[in-house]
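Step one of this worksheet: look at the structure below.
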Protein chains: 2
Amino acid sequence: LQSGRFIRMRRLLSSLHPAETAHLLESLPPAERKVCWPIINPELRGEVLSYIGEDVRTSLMVDMDTADLLNATEDLDTDDVVDLLQDLPDHVMQEVLRAMDSQRRRRIEVILGYEEDTAGGLMNTDVVTVRSDITLEVVLRYLRMLGELPENTDSLYVVDHNDKYLGTLQLSQVVSRSRSMTVREVMSHQIEPIPANMSDEDVAHRFEKHDLISAPVVDKDNHLLGRITIDDVVDVIRDVAEHSMLSMAGLGEDEDTFAPVKRSVHRRSVWLGINLLTAFLASWVIGLFDTTIEKVVALAVLMPIVASMGGIAGSQTLTLVIRSMALGQLNDNNKRWLLRKEIAVGAVNGIIWAIAIAFVTYLWFQEVGIAVLIGIAIIINLLAASLAGVTIPLALKKVGIDPALSGSVLLTTITDVIGFMAFLGFATLFIV
Amino acid sequence: LQSGRFIRMRRLLSSLHPAETAHLLESLPPAERKVCWPIINPELRGEVLSYIGEDVRTSLMVDMDTADLLNATEDLDTDDVVDLLQDLPDHVMQEVLRAMDSQRRRRIEVILGYEEDTAGGLMNTDVVTVRSDITLEVVLRYLRMLGELPENTDSLYVVDHNDKYLGTLQLSQVVSRSRSMTVREVMSHQIEPIPANMSDEDVAHRFEKHDLISAPVVDKDNHLLGRITIDDVVDVIRDVAEHSMLSMAGLGEDEDTFAPVKRSVHRRSVWLGINLLTAFLASWVIGLFDTTIEKVVALAVLMPIVASMGGIAGSQTLTLVIRSMALGQLNDNNKRWLLRKEIAVGAVNGIIWAIAIAFVTYLWFQEVGIAVLIGIAIIINLLAASLAGVTIPLALKKVGIDPALSGSVLLTTITDVIGFMAFLGFATLFIV
């Protein structure tokens, strides 16, 4: 960056909200990112980092020393601090923790004790608790004494003398009900507490289903540990939704669009390699029929149509099934219904397009035999595609493999092999 | 359903939260859905409907008459009522509106005046407003007089005597600051009001970026119209994230996994038809070289490898670019950098896999010429794939076409045509 642009950049950066600074940094190529990072106000760096995706964040934090990190994380919520610490090498994390004051360290260590992708890892330990036997008048006096409530506080949690969770007291109730009522009379039991070891995806489902803004987190003995607020869940919801799309192309959801070439090459070449194996398998199938192709070269011209129609139909079914699984809609009761339905769709579409393709093929090559043959191969392949589109993700899930990641490779392998096999095999039997 | 199961079903349904009932209905095949719907408590039907996706919802509402609809929507927030009304035929909607009391009708008509996919269409008109010159003591007295606040109220809005928006008063401030302070001293200006005509995607970006829980909505003269709460935005965030994945397979985000066969066939066959055109184009390219294939049948065996490697590499780039565009990360400054980077990735991966594929090809066919040829074709096609993966979505967006929907078809057309053209074309020139 030239020095004029540099000064303008500094002015721009100092006027932005940390979320916007984060967005700007994520949109910059790596070299310019490294130039801009030091210009950002050290006090705000922690908040900026908390808005940035994991991949980019790690690349920025690598150059910060313990003092920088401590300074940056000072004003952050405990859950955001934990997110940042988890990206650091273990010894750096320990150093930063040691440098914190003991109360904050203890709070953070509670969260660090849980896996990153569980409710415990998502939660914030800054909660305001009250007892059930006091009146709202006393609650109000207590809150006024605290002076400031943690960010996004919309409710207080009611606990007993052993810190066990009893209920939720919404601020909207505190201000609208009579001051002489007790917490017990006003508190709500509607929000079920979330167990700390619940997976973050299940937490997201719970929030989405019940339109929650925040929810208490408890250990297995019902002790209140902290709370999860929707702003942290939103990230999980987006990650879950994006995960399927990115996985289907062999990418991770933290994939940085502006990652350096070397890292991108490495990640993507793995995926290309896996796909190459399936491509060779398809070629091997074609190779079985090389003498047939030599005699009727029209088969070579038409065979990609059979394979690609199967691939498209199959990936439609696959996408729908993967999405239903991510939303938790598929279960033992309805999966057989879905399979029957998808096969019916495959059959009807197979017949429609078989007729259309056979017709065009006849016009092109003036050969009834080849036209009939390609029609039959299309029907077979679309049926196979429907069957594979439903059964592959279900089977992968059963054996614990992510269906979004491996589903599409397996599916196209099947539609390629069956497509070529049907088309060239029948040709060998009936035409040549 | 047999009558025993029927009774158990009725008992189950009456014990569930409306959100869970909605989830259950969405997971049922259409026939069983129609059986279960009448069992659900009529009072709760509106809330259940508000949790159901558009496709399924419309199919359930079709059988309800005006009285049913009025009954079901009675206890809903205004924004949820509007969502339901918008799925109805126009004359039914008018009938339901006429049957409402006039205050509610007016509130709903304000929202109906805005497009469904704008801030105005998302907002809820049930807001609590206060003046800036009163003290928190007076605010508390006023709130206690109201008795009950609208669901998910975490803040009040401050307006002047013309109903113009001045600021936000968080409940957490009302309860924690001194009662003698005025609203003006305590209110926050941090949350910028959202213009009613902002698109729902931009609203979602704003909420995500700033970790908002709720935000005020204003008209172009800064009059307060209502508020948007995060629970409504979560649906938009998920829809936006899912939209790309489903579009890439030619599906809509309201696609019902359990839709009847007929509807599914119709929707998907359109997509198959479009893809068929591109498949025929690829076949036509192959047909140009039929005499070459006749002489060297190994070309027919190997050609799908060239096309599929290009397709995979291209769709990786495409997926990443589409996602960056959806997140608003791509702009004029960085798109050229991204293009250069993706071409570099394509070149490096092209060379790596060209060598690997050439090697295997040599082992298989013992022909140096074909091995060199396929290597060159792979490099050309991976470069073309990178170029197309970046430029296609940018170009489509410029002309106003959804890149997620048409991007993948266009991309595979290009990688198929260039792959076959390079491989078979060079073969014709140099080998035969």
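Each chain in the structure tokens gets a letter, A, B and so on, in the order shown; residues start at 1 in every chain, and ligands are counted from 1 in the order they appear.
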
message: Residues within 12 Å of Leu277 of chain A, please, as a ChimeraX atom specification. Count only C-alpha atoms; anything in the same chain fewer than 4 positions from it doesn't count.
response: /A:270-273,281-284,409-410,412-413 /B:305,308-309,353,356-357,360

message: Run DSSP on the backbone and tell me which residues of segment 108-336 of chain A come out as strand (DSSP E or B); list them as an MDAnalysis selection string.
response: chainID A and resid 118 124 129:130 135 155:159 164:170 182 188 194:195 199 214:218 223:229

Would you save the residues from that selection as a tab-separated table (two decimals), in the first residue's frame, using N, CA, C and O atoms?
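As written to disk, out.tsv reads:
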chain	number	residue	atom	x	y	z
A	118	THR	N	-19.62	-28.17	22.01
A	118	THR	CA	-20.72	-28.54	22.91
A	118	THR	C	-21.30	-27.27	23.52
A	118	THR	O	-20.73	-26.18	23.39
A	124	ASN	N	-21.40	-18.73	28.05
A	124	ASN	CA	-20.78	-17.58	28.66
A	124	ASN	C	-21.00	-17.73	30.16
A	124	ASN	O	-22.11	-18.04	30.58
A	129	THR	N	-27.47	-14.23	38.90
A	129	THR	CA	-28.40	-15.18	39.51
A	129	THR	C	-29.11	-14.53	40.69
A	129	THR	O	-28.57	-13.63	41.34
A	130	VAL	N	-30.34	-14.99	40.95
A	130	VAL	CA	-31.11	-14.52	42.11
A	130	VAL	C	-31.74	-15.71	42.82
A	130	VAL	O	-31.83	-16.81	42.24
A	135	THR	N	-38.40	-10.64	46.77
A	135	THR	CA	-39.41	-9.95	45.95
A	135	THR	C	-38.73	-9.24	44.77
A	135	THR	O	-37.51	-9.04	44.76
A	155	SER	N	-32.52	-11.96	30.70
A	155	SER	CA	-33.15	-12.64	31.82
A	155	SER	C	-32.12	-13.00	32.88
A	155	SER	O	-30.92	-13.08	32.59
A	156	LEU	N	-32.61	-13.20	34.08
A	156	LEU	CA	-31.76	-13.61	35.20
A	156	LEU	C	-32.10	-15.08	35.47
A	156	LEU	O	-33.17	-15.55	35.09
A	157	TYR	N	-31.20	-15.78	36.14
A	157	TYR	CA	-31.50	-17.17	36.46
A	157	TYR	C	-31.70	-17.34	37.95
A	157	TYR	O	-31.01	-16.74	38.77
A	158	VAL	N	-32.68	-18.15	38.28
A	158	VAL	CA	-33.04	-18.39	39.66
A	158	VAL	C	-32.37	-19.70	40.11
A	158	VAL	O	-32.51	-20.72	39.43
A	159	VAL	N	-31.60	-19.64	41.21
A	159	VAL	CA	-30.90	-20.84	41.70
A	159	VAL	C	-31.19	-21.02	43.18
A	159	VAL	O	-31.58	-20.07	43.87
A	164	LYS	N	-28.21	-24.80	42.24
A	164	LYS	CA	-28.97	-25.61	41.28
A	164	LYS	C	-30.01	-24.73	40.58
A	164	LYS	O	-30.64	-23.88	41.22
A	165	TYR	N	-30.18	-24.98	39.29
A	165	TYR	CA	-31.08	-24.17	38.47
A	165	TYR	C	-32.55	-24.41	38.83
A	165	TYR	O	-32.99	-25.56	38.88
A	166	LEU	N	-33.30	-23.34	39.07
A	166	LEU	CA	-34.72	-23.48	39.39
A	166	LEU	C	-35.63	-22.89	38.32
A	166	LEU	O	-36.71	-23.41	38.08
A	167	GLY	N	-35.20	-21.82	37.67
A	167	GLY	CA	-36.08	-21.21	36.67
A	167	GLY	C	-35.45	-19.95	36.10
A	167	GLY	O	-34.35	-19.56	36.48
A	168	THR	N	-36.17	-19.32	35.18
A	168	THR	CA	-35.68	-18.13	34.49
A	168	THR	C	-36.57	-16.95	34.85
A	168	THR	O	-37.80	-17.07	34.85
A	169	LEU	N	-35.94	-15.82	35.17
A	169	LEU	CA	-36.70	-14.61	35.48
A	169	LEU	C	-36.42	-13.60	34.38
A	169	LEU	O	-35.33	-13.03	34.31
A	170	GLN	N	-37.41	-13.38	33.51
A	170	GLN	CA	-37.18	-12.46	32.40
A	170	GLN	C	-37.22	-11.01	32.88
A	170	GLN	O	-38.08	-10.65	33.69
A	182	THR	N	-42.98	-12.29	44.60
A	182	THR	CA	-41.68	-12.94	44.78
A	182	THR	C	-41.20	-13.50	43.45
A	182	THR	O	-41.98	-13.71	42.52
A	188	SER	N	-40.20	-18.27	35.18
A	188	SER	CA	-40.77	-19.17	34.19
A	188	SER	C	-40.01	-20.49	34.16
A	188	SER	O	-38.79	-20.53	34.36
A	194	ILE	N	-30.13	-26.38	29.29
A	194	ILE	CA	-29.38	-27.16	28.31
A	194	ILE	C	-28.21	-27.87	29.01
A	194	ILE	O	-27.44	-27.22	29.71
A	195	PRO	N	-28.10	-29.19	28.86
A	195	PRO	CA	-26.96	-29.89	29.47
A	195	PRO	C	-25.66	-29.46	28.80
A	195	PRO	O	-25.61	-29.30	27.58
A	199	SER	N	-24.45	-31.32	22.02
A	199	SER	CA	-23.66	-30.85	20.87
A	199	SER	C	-24.16	-29.49	20.39
A	199	SER	O	-25.33	-29.16	20.56
A	214	SER	N	-31.98	-16.64	24.77
A	214	SER	CA	-30.90	-17.13	25.60
A	214	SER	C	-31.42	-18.32	26.40
A	214	SER	O	-32.63	-18.50	26.53
A	215	ALA	N	-30.50	-19.15	26.89
A	215	ALA	CA	-30.92	-20.32	27.66
A	215	ALA	C	-29.83	-20.66	28.66
A	215	ALA	O	-28.64	-20.46	28.40
A	216	PRO	N	-30.24	-21.18	29.84
A	216	PRO	CA	-29.26	-21.55	30.86
A	216	PRO	C	-28.59	-22.88	30.53
A	216	PRO	O	-29.19	-23.74	29.89
A	217	VAL	N	-27.32	-23.01	30.95
A	217	VAL	CA	-26.58	-24.26	30.76
A	217	VAL	C	-26.29	-24.86	32.14
A	217	VAL	O	-25.87	-24.15	33.06
A	218	VAL	N	-26.55	-26.16	32.28
A	218	VAL	CA	-26.35	-26.82	33.58
A	218	VAL	C	-25.47	-28.06	33.42
A	218	VAL	O	-25.35	-28.61	32.33
A	223	HIS	N	-26.56	-28.09	38.27
A	223	HIS	CA	-25.93	-26.84	38.72
A	223	HIS	C	-25.83	-25.89	37.55
A	223	HIS	O	-25.40	-26.28	36.46
A	224	LEU	N	-26.19	-24.62	37.79
A	224	LEU	CA	-26.08	-23.62	36.74
A	224	LEU	C	-24.61	-23.32	36.43
A	224	LEU	O	-23.84	-23.00	37.34
A	225	LEU	N	-24.23	-23.44	35.16
A	225	LEU	CA	-22.84	-23.18	34.78
A	225	LEU	C	-22.69	-21.86	34.02
A	225	LEU	O	-21.69	-21.18	34.12
A	226	GLY	N	-23.70	-21.50	33.24
A	226	GLY	CA	-23.59	-20.29	32.43
A	226	GLY	C	-24.83	-20.16	31.55
A	226	GLY	O	-25.85	-20.79	31.81
A	227	ARG	N	-24.71	-19.34	30.51
A	227	ARG	CA	-25.84	-19.18	29.61
A	227	ARG	C	-25.33	-19.09	28.18
A	227	ARG	O	-24.18	-18.70	27.92
A	228	ILE	N	-26.19	-19.48	27.26
A	228	ILE	CA	-25.88	-19.34	25.85
A	228	ILE	C	-26.80	-18.28	25.29
A	228	ILE	O	-28.01	-18.32	25.53
A	229	THR	N	-26.23	-17.33	24.54
A	229	THR	CA	-27.10	-16.32	23.91
A	229	THR	C	-27.14	-16.57	22.41
A	229	THR	O	-26.23	-17.16	21.83

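Counting only C-alpha atoms, Arg98 of chain A has the following residues at most 12 Å away, ignoring those fewer than 6 positions along the same chain: Thr66, Ala67, Leu70, His91, Val92, Arg104, Arg105, Arg106, Ile108 and Glu109 of chain A.
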
statement: The residue from A:His161, A:Arg10, A:Arg141, A:His189 with the smallest atom-to-atom distance to chain B, counting only C-alpha atoms, is A:Arg141

- request: Excluding Asp154 of chain B and residues on its chain fewer than 5 positions from it, collect all residues at most 7 Å away from it, counting only C-alpha atoms, and give them as a count of residues only.
  value: 4

- request: Counting only C-alpha atoms, figure out which residue out of B:Val265, B:Met303, B:Val96, B:Ala72 gets nearest to Gly350 of chain A.
  value: B:Val265

- prompt: Any idea what's packed within 8 Å of segment 285-295 of chain B, counting only C-alpha atoms, ignoring anything in its chain fewer than 3 positions away? Could you give it as number ranges by chain?
  reply: A: 293-295, 297-298, 300-301; B: 281-282, 298-300, 417, 420-421, 424-425, 427-428, 432

Restricting it to N, CA, C and O atoms, dump the selection as a short mmCIF file (atom, residue, chain, number, x, y, z; two decimals), in the first residue's frame.
data_model
loop_
_atom_site.label_atom_id
_atom_site.label_comp_id
_atom_site.auth_asym_id
_atom_site.auth_seq_id
_atom_site.Cartn_x
_atom_site.Cartn_y
_atom_site.Cartn_z
N ILE A 293 -17.29 -50.02 -28.82
CA ILE A 293 -17.19 -48.61 -29.20
C ILE A 293 -16.50 -48.46 -30.55
O ILE A 293 -16.89 -47.64 -31.39
N GLU A 294 -15.47 -49.28 -30.79
CA GLU A 294 -14.75 -49.23 -32.04
C GLU A 294 -15.70 -49.46 -33.23
O GLU A 294 -15.58 -48.82 -34.27
N LYS A 295 -16.67 -50.37 -33.01
CA LYS A 295 -17.60 -50.68 -34.10
C LYS A 295 -18.69 -49.62 -34.24
O LYS A 295 -19.09 -49.27 -35.34
N VAL A 297 -19.21 -45.96 -33.10
CA VAL A 297 -18.59 -44.82 -32.42
C VAL A 297 -19.65 -43.87 -31.84
O VAL A 297 -19.37 -43.10 -30.92
N ALA A 298 -20.89 -43.96 -32.33
CA ALA A 298 -21.97 -43.14 -31.78
C ALA A 298 -22.14 -43.39 -30.28
O ALA A 298 -22.55 -42.50 -29.52
N ALA A 300 -19.78 -43.79 -28.07
CA ALA A 300 -18.84 -42.92 -27.36
C ALA A 300 -19.36 -41.49 -27.32
O ALA A 300 -19.17 -40.77 -26.34
N VAL A 301 -20.01 -41.10 -28.42
CA VAL A 301 -20.54 -39.74 -28.49
C VAL A 301 -21.67 -39.53 -27.48
O VAL A 301 -21.76 -38.50 -26.83
N LEU B 281 -24.74 -30.71 -25.91
CA LEU B 281 -23.68 -29.87 -26.43
C LEU B 281 -22.33 -30.60 -26.33
O LEU B 281 -21.54 -30.63 -27.29
N ALA B 282 -22.10 -31.21 -25.14
CA ALA B 282 -20.85 -31.95 -24.95
C ALA B 282 -20.76 -33.11 -25.95
O ALA B 282 -19.70 -33.37 -26.54
N ALA B 298 -8.92 -45.73 -27.20
CA ALA B 298 -8.47 -45.34 -25.86
C ALA B 298 -8.92 -43.92 -25.50
O ALA B 298 -9.14 -43.59 -24.33
N LEU B 299 -9.07 -43.07 -26.52
CA LEU B 299 -9.52 -41.71 -26.28
C LEU B 299 -10.92 -41.70 -25.66
O LEU B 299 -11.20 -40.93 -24.74
N ALA B 300 -11.80 -42.55 -26.18
CA ALA B 300 -13.16 -42.63 -25.65
C ALA B 300 -13.13 -43.13 -24.21
O ALA B 300 -13.93 -42.70 -23.38
N VAL B 417 -17.03 -29.03 -22.44
CA VAL B 417 -16.70 -28.65 -23.82
C VAL B 417 -15.19 -28.45 -23.98
O VAL B 417 -14.56 -29.00 -24.90
N PHE B 420 -13.27 -31.95 -23.54
CA PHE B 420 -13.36 -32.83 -24.72
C PHE B 420 -12.63 -32.22 -25.91
O PHE B 420 -11.94 -32.90 -26.67
N MET B 421 -12.81 -30.90 -26.08
CA MET B 421 -12.21 -30.20 -27.21
C MET B 421 -10.68 -30.30 -27.15
O MET B 421 -10.02 -30.62 -28.14
N LEU B 424 -9.58 -34.33 -27.40
CA LEU B 424 -9.82 -34.94 -28.72
C LEU B 424 -9.23 -34.09 -29.83
O LEU B 424 -8.75 -34.62 -30.85
N GLY B 425 -9.24 -32.76 -29.65
CA GLY B 425 -8.70 -31.87 -30.68
C GLY B 425 -7.21 -32.08 -30.87
O GLY B 425 -6.73 -32.29 -32.00
N ALA B 427 -5.55 -34.65 -30.01
CA ALA B 427 -5.34 -36.01 -30.51
C ALA B 427 -5.47 -36.04 -32.03
O ALA B 427 -4.68 -36.66 -32.74
N THR B 428 -6.48 -35.34 -32.55
CA THR B 428 -6.69 -35.28 -33.99
C THR B 428 -5.49 -34.63 -34.69
O THR B 428 -5.06 -35.08 -35.76
N VAL B 432 -3.36 -38.88 -34.62
CA VAL B 432 -3.97 -39.66 -35.70
C VAL B 432 -3.32 -39.31 -37.05
O VAL B 432 -3.08 -38.16 -37.33
#
